[in-house]
Amino acid sequence: MKKLLPLLVLSLPLSAATIEANVELPKLDVAEYHAPYLAMWIQSQDRSQIKNLALWYDHDKANQKGQEWLKDLRQWWRRSGRSLSLPVDAITGATKTAGSYQVSFDSEALALNDLPAGEYQFYIEAVREVGGREVLSVPFTLPINHTQTLNVQGKKELGRIDLTIKP
């Protein structure tokens with residue numbers, strides 16, 4: 001029975017947690033600036049579990065014209081975007097210009113509690129019309145037993161990304 005207890009604990013889903021991301025969109029010195037389309041998601045190492053967290057795009061354009069460019073978020077589009085019915089409640093938002101943005105994700109609201117224990121990646125992908133594309137990832141482990149603060153630095157389309165995961 002003692003040998004089964006660790007296996008039982010590892011198979012338990014993520015307990016209530018909060019994921020906070022501070023996302024920096026750098027000010028770019030370019031002739032024609034368009035706010036980037038941006039996607040944030042979590043996926044397991046084996047890609048069997050994917051949870052969308054945020055999608056920023058021009059969702060209010062007439063005739064759903066803003067959706068046409070979502071496929072330019074290539075990694076997100078291939079992993080889960082093309083199978084979604086858009087706009088997605090609770091994750092869709094408008095594009096944002098240069099600046100720092102704090103976003104918070106509640107594990108219960110986004111059904112993150114269903115994720116099994118294991119190794120995961122937080123992904124953020126940004127693409128701009130007449131601009132570039134950049135994808136960053138931050139590894140983390142579930143379940144969350146203590147507050148973790150992780151960060152990564154973008155090179156062009158994304159600035160510093162600070163990720164805080166709290167139990």
# chains A, B, ... in the order shown; residues from 1 in each chain; ligands from 1
call {"tool": "residues_around", "arguments": {"residues": "Leu55 (chain A)", "least_positions_apart": "3", "cutoff": "10 Å", "atoms": "only C-alpha atoms", "output": "list in words"}}
result
Tyr37, Leu38, Ala39, Met40, Trp41, Asn52, Asp58, His59, Leu70, Trp76, Gly81, Pro87, Val88, Ala90, Ile91, Thr92, Gly93, Ala94, Thr95, Ile124, Glu125 and Ala126 of chain A
call {"tool": "closest_atom_pairs", "arguments": {"of": "region 96-120 of chain A", "to": "region 129-139 of chain A", "cutoff": "12 Å", "atoms": "only C-alpha atoms", "output": "tab-separated table"}}
result
residue	atom	partner	partner_atom	distance
A:Gly118	CA	A:Pro139	CA	10.7
A:Glu119	CA	A:Pro139	CA	7.3
A:Tyr120	CA	A:Pro139	CA	5.7
call {"tool": "residues_around", "arguments": {"residues": "region 102-108 of chain A", "least_positions_apart": "6", "cutoff": "10 Å", "atoms": "only C-alpha atoms", "output": "ChimeraX atom specification"}}
result
/A:14-24,53-54,90-91,114-115,161-165,167
call {"tool": "select_by_dssp", "arguments": {"residues": "chain A", "states": "strand (DSSP E)", "output": "number ranges by chain"}}
result
A: 18-25, 37-44, 50-56, 92-93, 99-106, 118-127, 133-142, 148-153, 160-166
call {"tool": "select_by_dssp", "arguments": {"residues": "region 6-167 of chain A", "states": "alpha helix (DSSP H)", "output": "list in words"}}
result
Pro6, Leu7, Leu8, Val9, Leu10, Ser11, Arg74, Gln75, Trp76, Trp77, Arg78 and Arg79 of chain A
call {"tool": "write_last_selection", "arguments": {"atoms": "N, CA, C and O atoms", "output": "PDB file, in the first residue's frame"}}
result
ATOM      1  N   PRO A   6       2.625   7.179  -3.489  1.00  0.00           N
ATOM      2  CA  PRO A   6       3.259   8.158  -4.387  1.00  0.00           C
ATOM      3  C   PRO A   6       2.644   8.163  -5.781  1.00  0.00           C
ATOM      4  O   PRO A   6       2.512   9.206  -6.402  1.00  0.00           O
ATOM      5  N   LEU A   7       2.267   6.996  -6.297  1.00  0.00           N
ATOM      6  CA  LEU A   7       1.635   6.948  -7.614  1.00  0.00           C
ATOM      7  C   LEU A   7       0.291   7.642  -7.606  1.00  0.00           C
ATOM      8  O   LEU A   7      -0.078   8.327  -8.555  1.00  0.00           O
ATOM      9  N   LEU A   8      -0.454   7.480  -6.517  1.00  0.00           N
ATOM     10  CA  LEU A   8      -1.746   8.141  -6.389  1.00  0.00           C
ATOM     11  C   LEU A   8      -1.566   9.653  -6.359  1.00  0.00           C
ATOM     12  O   LEU A   8      -2.271  10.385  -7.047  1.00  0.00           O
ATOM     13  N   VAL A   9      -0.596  10.128  -5.616  1.00  0.00           N
ATOM     14  CA  VAL A   9      -0.341  11.573  -5.524  1.00  0.00           C
ATOM     15  C   VAL A   9       0.054  12.125  -6.886  1.00  0.00           C
ATOM     16  O   VAL A   9      -0.406  13.182  -7.304  1.00  0.00           O
ATOM     17  N   LEU A  10       0.894  11.405  -7.634  1.00  0.00           N
ATOM     18  CA  LEU A  10       1.318  11.882  -8.956  1.00  0.00           C
ATOM     19  C   LEU A  10       0.187  11.893  -9.972  1.00  0.00           C
ATOM     20  O   LEU A  10       0.227  12.629 -10.938  1.00  0.00           O
ATOM     21  N   SER A  11      -0.825  11.091  -9.770  1.00  0.00           N
ATOM     22  CA  SER A  11      -1.921  11.056 -10.741  1.00  0.00           C
ATOM     23  C   SER A  11      -3.023  12.050 -10.419  1.00  0.00           C
ATOM     24  O   SER A  11      -3.951  12.214 -11.190  1.00  0.00           O
ATOM     25  N   ARG A  74       1.697  30.513 -36.268  1.00  0.00           N
ATOM     26  CA  ARG A  74       1.848  29.172 -36.837  1.00  0.00           C
ATOM     27  C   ARG A  74       1.893  28.039 -35.813  1.00  0.00           C
ATOM     28  O   ARG A  74       1.223  27.025 -35.976  1.00  0.00           O
ATOM     29  N   GLN A  75       2.703  28.208 -34.787  1.00  0.00           N
ATOM     30  CA  GLN A  75       2.809  27.115 -33.816  1.00  0.00           C
ATOM     31  C   GLN A  75       1.487  26.925 -33.074  1.00  0.00           C
ATOM     32  O   GLN A  75       1.005  25.805 -32.936  1.00  0.00           O
ATOM     33  N   TRP A  76       0.895  28.006 -32.600  1.00  0.00           N
ATOM     34  CA  TRP A  76      -0.391  27.916 -31.908  1.00  0.00           C
ATOM     35  C   TRP A  76      -1.462  27.351 -32.846  1.00  0.00           C
ATOM     36  O   TRP A  76      -2.253  26.500 -32.453  1.00  0.00           O
ATOM     37  N   TRP A  77      -1.488  27.824 -34.087  1.00  0.00           N
ATOM     38  CA  TRP A  77      -2.505  27.398 -35.051  1.00  0.00           C
ATOM     39  C   TRP A  77      -2.434  25.882 -35.276  1.00  0.00           C
ATOM     40  O   TRP A  77      -3.446  25.191 -35.276  1.00  0.00           O
ATOM     41  N   ARG A  78      -1.221  25.358 -35.436  1.00  0.00           N
ATOM     42  CA  ARG A  78      -1.053  23.925 -35.679  1.00  0.00           C
ATOM     43  C   ARG A  78      -1.408  23.084 -34.460  1.00  0.00           C
ATOM     44  O   ARG A  78      -1.940  21.986 -34.594  1.00  0.00           O
ATOM     45  N   ARG A  79      -1.094  23.612 -33.275  1.00  0.00           N
ATOM     46  CA  ARG A  79      -1.328  22.825 -32.057  1.00  0.00           C
ATOM     47  C   ARG A  79      -2.796  22.791 -31.658  1.00  0.00           C
ATOM     48  O   ARG A  79      -3.285  21.775 -31.211  1.00  0.00           O
TER      49      ARG A  79
END
call {"tool": "atom_distance", "arguments": {"atom1": "CA of Leu86 (chain A)", "atom2": "CA of Gln67 (chain A)"}}
result
7.9 Å
call {"tool": "closest_residue", "arguments": {"among": "A:Ala117, A:Ile144, A:Ile42, A:Leu25", "to": "Arg160 (chain A)", "atoms": "only C-alpha atoms"}}
result
A:Leu25
